[in-house]
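Peer 1: PDB, C-alpha atoms, pLDDT in the B column, saved as target-v9.pdb, coming up:
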ATOM      1  CA  CYS H   1     -26.453 -22.683 -32.723  1.00 82.00           C
ATOM      2  CA  SER H   2     -25.621 -20.696 -29.630  1.00 82.00           C
ATOM      3  CA  SER H   3     -25.800 -22.265 -26.171  1.00 80.00           C
ATOM      4  CA  GLY H   4     -29.336 -23.213 -25.112  1.00 80.00           C
ATOM      5  CA  ARG H   5     -30.656 -23.461 -28.687  1.00 86.00           C
ATOM      6  CA  TYR H   6     -31.122 -26.255 -31.221  1.00 89.00           C
ATOM      7  CA  ALA H   7     -31.736 -26.693 -34.955  1.00 89.00           C
ATOM      8  CA  GLY H   8     -33.721 -29.671 -36.171  1.00 80.00           C
ATOM      9  CA  ALA H   9     -32.487 -31.840 -39.034  1.00 78.00           C
ATOM     10  CA  GLY H  10     -32.462 -29.841 -42.271  1.00 79.00           C
ATOM     11  CA  SER H  11     -33.278 -26.587 -40.489  1.00 80.00           C
ATOM     12  CA  SER H  12     -31.160 -23.458 -40.872  1.00 82.00           C
ATOM     13  CA  GLU H  13     -32.862 -21.694 -37.947  1.00 89.00           C
ATOM     14  CA  CYS H  14     -31.989 -22.145 -34.300  1.00 90.00           C
ATOM     15  CA  HIS H  15     -34.820 -22.440 -31.767  1.00 90.00           C
ATOM     16  CA  LEU H  16     -35.182 -22.278 -28.002  1.00 89.00           C
ATOM     17  CA  CYS H  17     -36.197 -25.361 -26.092  1.00 90.00           C
ATOM     18  CA  ASP H  18     -39.304 -25.009 -23.955  1.00 91.00           C
ATOM     19  CA  GLY H  19     -38.899 -24.685 -20.199  1.00 93.00           C
ATOM     20  CA  GLY H  20     -37.971 -28.024 -18.648  1.00 95.00           C
ATOM     21  CA  TYR H  21     -36.023 -29.064 -21.748  1.00 95.00           C
ATOM     22  CA  ILE H  22     -32.456 -28.509 -22.943  1.00 94.00           C
ATOM     23  CA  PRO H  23     -30.732 -29.114 -26.280  1.00 92.00           C
ATOM     24  CA  ASP H  24     -29.267 -32.575 -26.702  1.00 90.00           C
ATOM     25  CA  ALA H  25     -25.471 -32.894 -27.074  1.00 87.00           C
ATOM     26  CA  ALA H  26     -25.680 -32.471 -30.881  1.00 86.00           C
ATOM     27  CA  GLN H  27     -28.085 -29.516 -30.529  1.00 88.00           C
ATOM     28  CA  THR H  28     -30.524 -31.155 -32.967  1.00 88.00           C
ATOM     29  CA  SER H  29     -33.479 -31.638 -30.579  1.00 89.00           C
ATOM     30  CA  CYS H  30     -34.595 -31.003 -27.002  1.00 91.00           C
ATOM     31  CA  VAL H  31     -34.509 -33.496 -24.138  1.00 95.00           C
ATOM     32  CA  ALA H  32     -36.421 -33.302 -20.851  1.00 96.00           C
ATOM     33  CA  CYS H  33     -34.644 -32.489 -17.622  1.00 96.00           C
ATOM     34  CA  PRO H  34     -34.736 -35.499 -15.300  1.00 95.00           C
ATOM     35  CA  ALA H  35     -36.827 -35.587 -12.115  1.00 93.00           C
ATOM     36  CA  GLY H  36     -35.471 -33.347  -9.357  1.00 93.00           C
ATOM     37  CA  ARG H  37     -33.987 -30.902 -11.892  1.00 95.00           C
ATOM     38  CA  PHE H  38     -35.412 -28.013 -13.943  1.00 96.00           C
ATOM     39  CA  ALA H  39     -34.517 -25.652 -16.789  1.00 95.00           C
ATOM     40  CA  VAL H  40     -35.845 -22.282 -17.903  1.00 92.00           C
ATOM     41  CA  PRO H  41     -36.005 -21.435 -21.645  1.00 85.00           C
ATOM     42  CA  GLU H  42     -32.553 -20.686 -23.134  1.00 82.00           C
ATOM     43  CA  SER H  43     -30.844 -22.711 -20.401  1.00 87.00           C
ATOM     44  CA  PRO H  44     -28.103 -24.983 -21.734  1.00 90.00           C
ATOM     45  CA  THR H  45     -28.237 -27.245 -18.629  1.00 92.00           C
ATOM     46  CA  CYS H  46     -30.683 -28.619 -16.099  1.00 95.00           C
ATOM     47  CA  THR H  47     -30.306 -27.328 -12.535  1.00 95.00           C
ATOM     48  CA  SER H  48     -30.914 -29.360  -9.358  1.00 93.00           C
ATOM     49  CA  CYS H  49     -33.821 -28.267  -7.211  1.00 92.00           C
ATOM     50  CA  PRO H  50     -32.767 -26.814  -3.853  1.00 91.00           C
ATOM     51  CA  ALA H  51     -33.304 -28.816  -0.650  1.00 87.00           C
ATOM     52  CA  GLY H  52     -36.985 -29.097   0.253  1.00 88.00           C
ATOM     53  CA  PHE H  53     -38.163 -28.709  -3.363  1.00 92.00           C
ATOM     54  CA  TYR H  54     -39.223 -31.245  -6.014  1.00 94.00           C
ATOM     55  CA  ALA H  55     -39.724 -31.296  -9.795  1.00 95.00           C
ATOM     56  CA  SER H  56     -41.089 -33.932 -12.135  1.00 93.00           C
ATOM     57  CA  ALA H  57     -39.214 -34.711 -15.362  1.00 94.00           C
ATOM     58  CA  GLY H  58     -39.513 -31.880 -17.906  1.00 95.00           C
ATOM     59  CA  SER H  59     -40.168 -29.151 -15.308  1.00 96.00           C
ATOM     60  CA  SER H  60     -39.382 -25.484 -15.790  1.00 95.00           C
ATOM     61  CA  GLU H  61     -39.432 -24.796 -12.031  1.00 95.00           C
ATOM     62  CA  CYS H  62     -39.215 -26.530  -8.668  1.00 95.00           C
ATOM     63  CA  HIS H  63     -42.073 -26.696  -6.178  1.00 95.00           C
ATOM     64  CA  LEU H  64     -42.277 -26.783  -2.379  1.00 94.00           C
ATOM     65  CA  CYS H  65     -43.813 -29.787  -0.704  1.00 94.00           C
ATOM     66  CA  ASP H  66     -46.706 -28.992   1.630  1.00 94.00           C
ATOM     67  CA  GLY H  67     -46.273 -29.300   5.378  1.00 95.00           C
ATOM     68  CA  GLY H  68     -46.183 -32.960   6.424  1.00 97.00           C
ATOM     69  CA  TYR H  69     -44.499 -33.953   3.155  1.00 96.00           C
ATOM     70  CA  ILE H  70     -40.898 -33.958   1.901  1.00 95.00           C
ATOM     71  CA  PRO H  71     -39.306 -34.522  -1.520  1.00 93.00           C
ATOM     72  CA  ASP H  72     -39.207 -38.289  -2.107  1.00 90.00           C
ATOM     73  CA  PRO H  73     -35.517 -39.311  -2.006  1.00 83.00           C
ATOM     74  CA  ASP H  74     -36.377 -42.701  -3.552  1.00 83.00           C
ATOM     75  CA  ALA H  75     -37.987 -41.026  -6.594  1.00 82.00           C
ATOM     76  CA  ASN H  76     -35.166 -38.531  -7.320  1.00 85.00           C
ATOM     77  CA  ARG H  77     -37.211 -35.742  -5.719  1.00 87.00           C
ATOM     78  CA  SER H  78     -39.842 -35.980  -8.485  1.00 90.00           C
ATOM     79  CA  SER H  79     -42.753 -35.893  -6.025  1.00 92.00           C
ATOM     80  CA  CYS H  80     -43.541 -35.509  -2.350  1.00 94.00           C
ATOM     81  CA  VAL H  81     -43.945 -38.283   0.202  1.00 95.00           C
ATOM     82  CA  ALA H  82     -45.727 -38.087   3.576  1.00 96.00           C
ATOM     83  CA  CYS H  83     -43.711 -37.945   6.780  1.00 97.00           C
ATOM     84  CA  PRO H  84     -44.343 -41.143   8.742  1.00 97.00           C
ATOM     85  CA  ALA H  85     -46.380 -41.156  11.943  1.00 97.00           C
ATOM     86  CA  GLY H  86     -44.397 -39.846  14.907  1.00 97.00           C
ATOM     87  CA  SER H  87     -42.717 -37.148  12.816  1.00 98.00           C
ATOM     88  CA  PHE H  88     -43.597 -33.902  11.035  1.00 98.00           C
ATOM     89  CA  SER H  89     -42.277 -31.350   8.545  1.00 97.00           C
ATOM     90  CA  MET H  90     -43.025 -27.744   7.761  1.00 95.00           C
ATOM     91  CA  SER H  91     -43.592 -26.649   4.148  1.00 93.00           C
ATOM     92  CA  GLY H  92     -40.300 -26.688   2.249  1.00 90.00           C
ATOM     93  CA  SER H  93     -38.452 -28.821   4.784  1.00 92.00           C
ATOM     94  CA  PRO H  94     -36.083 -31.375   3.233  1.00 92.00           C
ATOM     95  CA  ASN H  95     -36.489 -33.836   6.142  1.00 94.00           C
ATOM     96  CA  CYS H  96     -39.064 -35.116   8.599  1.00 96.00           C
ATOM     97  CA  THR H  97     -38.396 -34.355  12.285  1.00 97.00           C
ATOM     98  CA  LEU H  98     -39.283 -36.753  15.106  1.00 97.00           C
ATOM     99  CA  CYS H  99     -41.829 -35.545  17.641  1.00 96.00           C
ATOM    100  CA  SER H 100     -40.464 -34.667  21.077  1.00 94.00           C
ATOM    101  CA  ALA H 101     -41.497 -36.656  24.174  1.00 91.00           C
ATOM    102  CA  GLY H 102     -45.167 -36.303  25.059  1.00 91.00           C
ATOM    103  CA  ARG H 103     -46.242 -35.342  21.542  1.00 96.00           C
ATOM    104  CA  TYR H 104     -47.688 -37.332  18.640  1.00 97.00           C
ATOM    105  CA  ALA H 105     -48.341 -36.949  14.891  1.00 97.00           C
ATOM    106  CA  GLY H 106     -50.128 -39.081  12.313  1.00 96.00           C
ATOM    107  CA  ASP H 107     -48.856 -39.711   8.765  1.00 96.00           C
ATOM    108  CA  GLY H 108     -48.378 -36.493   6.777  1.00 97.00           C
ATOM    109  CA  SER H 109     -48.460 -34.117   9.769  1.00 97.00           C
ATOM    110  CA  SER H 110     -47.138 -30.571   9.694  1.00 97.00           C
ATOM    111  CA  GLU H 111     -46.832 -30.425  13.495  1.00 97.00           C
ATOM    112  CA  CYS H 112     -46.695 -32.627  16.572  1.00 97.00           C
ATOM    113  CA  ARG H 113     -49.478 -32.220  19.137  1.00 97.00           C
ATOM    114  CA  PHE H 114     -49.853 -32.865  22.846  1.00 96.00           C
ATOM    115  CA  CYS H 115     -52.238 -35.615  23.883  1.00 96.00           C
ATOM    116  CA  ASP H 116     -55.223 -34.485  25.943  1.00 95.00           C
ATOM    117  CA  GLY H 117     -55.131 -35.001  29.679  1.00 95.00           C
ATOM    118  CA  GLY H 118     -55.567 -38.682  30.576  1.00 97.00           C
ATOM    119  CA  TYR H 119     -53.859 -39.795  27.370  1.00 97.00           C
ATOM    120  CA  ILE H 120     -50.241 -40.401  26.329  1.00 97.00           C
ATOM    121  CA  PRO H 121     -48.562 -41.116  22.969  1.00 97.00           C
ATOM    122  CA  ASP H 122     -47.975 -44.728  21.935  1.00 96.00           C
ATOM    123  CA  ASP H 123     -44.354 -45.926  21.524  1.00 94.00           C
ATOM    124  CA  GLU H 124     -44.242 -44.758  17.876  1.00 95.00           C
ATOM    125  CA  GLN H 125     -45.836 -41.416  18.844  1.00 96.00           C
ATOM    126  CA  ALA H 126     -48.460 -41.971  16.135  1.00 96.00           C
ATOM    127  CA  PHE H 127     -51.614 -41.653  18.287  1.00 96.00           C
ATOM    128  CA  CYS H 128     -52.750 -41.219  21.902  1.00 96.00           C
ATOM    129  CA  PHE H 129     -54.160 -43.892  24.174  1.00 96.00           C
ATOM    130  CA  ALA H 130     -55.887 -43.682  27.551  1.00 97.00           C
ATOM    131  CA  CYS H 131     -54.028 -44.156  30.809  1.00 97.00           C
ATOM    132  CA  PRO H 132     -55.353 -47.247  32.593  1.00 97.00           C
ATOM    133  CA  ALA H 133     -57.587 -46.992  35.659  1.00 97.00           C
ATOM    134  CA  GLY H 134     -55.585 -46.110  38.779  1.00 97.00           C
ATOM    135  CA  SER H 135     -53.285 -43.726  36.887  1.00 97.00           C
ATOM    136  CA  PHE H 136     -53.460 -40.277  35.296  1.00 97.00           C
ATOM    137  CA  ALA H 137     -51.633 -37.974  32.874  1.00 97.00           C
ATOM    138  CA  GLU H 138     -51.709 -34.235  32.444  1.00 95.00           C
ATOM    139  CA  SER H 139     -51.887 -32.850  28.916  1.00 93.00           C
ATOM    140  CA  GLY H 140     -48.478 -33.243  27.237  1.00 92.00           C
ATOM    141  CA  SER H 141     -47.284 -36.014  29.571  1.00 94.00           C
ATOM    142  CA  ALA H 142     -45.153 -38.759  28.082  1.00 94.00           C
ATOM    143  CA  ASN H 143     -46.120 -41.304  30.776  1.00 95.00           C
ATOM    144  CA  CYS H 144     -49.047 -42.199  32.984  1.00 97.00           C
ATOM    145  CA  THR H 145     -48.496 -41.677  36.728  1.00 97.00           C
ATOM    146  CA  LEU H 146     -49.947 -44.014  39.365  1.00 97.00           C
ATOM    147  CA  CYS H 147     -52.361 -42.432  41.811  1.00 97.00           C
ATOM    148  CA  SER H 148     -51.102 -42.167  45.387  1.00 96.00           C
ATOM    149  CA  SER H 149     -52.455 -44.559  48.021  1.00 95.00           C
ATOM    150  CA  GLY H 150     -56.132 -43.958  48.776  1.00 95.00           C
ATOM    151  CA  ARG H 151     -56.789 -42.064  45.570  1.00 96.00           C
ATOM    152  CA  TYR H 152     -58.391 -43.345  42.376  1.00 96.00           C
ATOM    153  CA  ALA H 153     -58.761 -42.427  38.710  1.00 96.00           C
ATOM    154  CA  GLY H 154     -60.807 -44.051  35.985  1.00 96.00           C
ATOM    155  CA  ALA H 155     -59.236 -44.907  32.620  1.00 96.00           C
ATOM    156  CA  GLY H 156     -58.337 -41.770  30.647  1.00 96.00           C
ATOM    157  CA  SER H 157     -58.208 -39.479  33.699  1.00 97.00           C
ATOM    158  CA  SER H 158     -56.177 -36.298  33.974  1.00 96.00           C
ATOM    159  CA  GLU H 159     -56.131 -36.380  37.793  1.00 96.00           C
ATOM    160  CA  CYS H 160     -56.730 -38.685  40.740  1.00 96.00           C
ATOM    161  CA  HIS H 161     -59.614 -38.248  43.218  1.00 94.00           C
TER     162      HIS H 161
END
Rewrite the structure from the file as C-alpha cells, please.
Peer 2:
Amino acid sequence: CSSGRYAGAGSSECHLCDGGYIPDAAQTSCVACPAGRFAVPESPTCTSCPAGFYASAGSSECHLCDGGYIPDPDANRSSCVACPAGSFSMSGSPNCTLCSAGRYAGDGSSECRFCDGGYIPDDEQAFCFACPAGSFAESGSANCTLCSSGRYAGAGSSECH
C-alpha cells in the first residue's frame, strides 16, 4: 500500500485510515494518534499540536483551550487545565501569566482585575480583602495606606476622612 494507507489481513485493497489514526508499521491496521498529536486522513504520521492547543488520543485536529485554561502538560496536552488563582491566560495561550501588582484572579481566569477601592489582593493574588480600619486603598492599589494623623477610615475604605 502507498503511504498513509493500510490493507487488512487477507485483503487485496488498500484503505485510508480515519482522521486521528495512522497505519501501523506493517500497514495492516490503523492505530490512534497519541494525546497531544493529530492526523488527517491519508496522513502517514501523527503531528504534534502547536503551542496552546490540545488533542485527545485519536484526534483529527487540535483545539484551542478557552481563556483561563492551558493545555495540561501533565496529560500530554490531551485536555485543558485551569490556570491557578493569581494568574490568567488568554484563549490559545500555552502558559499562565502571573497577575501584576495590585491585581487578582481566581482559578480559571482569562484576565486579572483590580480590587475595588478599600480592598487589596491577598498574597497569592487570588481574591481581595478589606483594608483594616485606620487605613485606605484606592482601586488597583497593592497595599493599604495608613491615614494621616487626625484622619480616620473604617474597614474597606477608599479614602480617609
Peer 1: Given the file shown, enumerate the residues that the PyMOL selection byres ((chain H and resi 27-29) around 9) captures and present them as a compact mmCIF listing (two decimals) with C-alpha atoms, keeping the file's coordinate frame.
Peer 2:
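Printed below is result-v8.txt as written:
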# COMPACT_ATOMS: atom_id res chain seq x y z
CA CYS H 1 -26.45 -22.68 -32.72
CA SER H 3 -25.80 -22.26 -26.17
CA GLY H 4 -29.34 -23.21 -25.11
CA ARG H 5 -30.66 -23.46 -28.69
CA TYR H 6 -31.12 -26.26 -31.22
CA ALA H 7 -31.74 -26.69 -34.96
CA GLY H 8 -33.72 -29.67 -36.17
CA ALA H 9 -32.49 -31.84 -39.03
CA CYS H 17 -36.20 -25.36 -26.09
CA ILE H 22 -32.46 -28.51 -22.94
CA PRO H 23 -30.73 -29.11 -26.28
CA ASP H 24 -29.27 -32.58 -26.70
CA ALA H 25 -25.47 -32.89 -27.07
CA ALA H 26 -25.68 -32.47 -30.88
CA CYS H 30 -34.60 -31.00 -27.00
CA VAL H 31 -34.51 -33.50 -24.14
Peer 1: Using the chain letters and residue numbers of this document, give as a PyMOL selection string the residues selected by the PyMOL selection byres ((chain H and resi 103-110) around 12).
Peer 2: chain H and resi 65-70+80-93+95-102+111-116+119-129+139-143
Peer 1: Of the candidates H:Ser12, H:Cys144, H:Phe136, H:Pro41, which shows the shortest atom-to-atom distance to Ser157 of chain H, using all atoms listed in the file?
Peer 2: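 Closest residue, counting all atoms listed in the file: H:Phe136.
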Peer 1: Would you compute the distance between atom CA of Ala137 of chain H and atom CA of Gly150 of chain H? Give it in Å to one decimal.
Peer 2: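 Taking atom CA of Ala137 of chain H as the start and atom CA of Gly150 of chain H as the end point, the length is 17.6 Å.
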Peer 1: If you count only C-alpha atoms, which residues fall within 12 Å of Leu146 of chain H, apart from same-chain ones fewer than 4 positions away, as an NGL selection string?
Peer 2: :H and (118 or 131-137 or 150-155 or 157-161)
Peer 1: Between H:Val40, H:Ala130, H:Leu16, H:Ala75, which residue has the minimum interatomic distance to Tyr54 of chain H, considering all atoms listed in the file?
Peer 2: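 Smallest separation from Tyr54 of chain H among the options: H:Ala75.
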Peer 1: Would you work out the distance separating atom CA of Gly20 of chain H from atom CA of Pro44 of chain H, expressed in Å to one decimal?
Peer 2: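 Atom-to-atom, atom CA of Gly20 of chain H and atom CA of Pro44 of chain H are spaced 10.8 Å apart.
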Peer 1: Dump as an MDAnalysis selection string all residues having an atom at most 9 Å from (-32.8, -29.5, -12.7), computed in the file's coordinates with only C-alpha atoms.
Peer 2: chainID H and resid 20 33:39 45:49 55 57:62
Peer 1: Put a box with edges along x, y and z around all the listed atoms of segment 104-115 of chain H, pad it by 6 Å on each side, then give me its centre and sizes in Å, one decimal, as AutoDock Vina command-line options.
Peer 2:
--center_x -49.5 --center_y -35.1 --center_z 15.3 --size_x 17.5 --size_y 21.3 --size_z 29.1
Peer 1: Find the distance between atom CA of Asn76 of chain H and atom CA of Glu42 of chain H and write it in Å to one decimal.
Peer 2: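 So the answer is 24.0 Å.
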Peer 1: Taking into account only C-alpha atoms, which residue in the set H:Cys14, H:Pro94, H:Tyr21, H:Ser56 is nearest to Ser78 of chain H?
Peer 2: H:Ser56
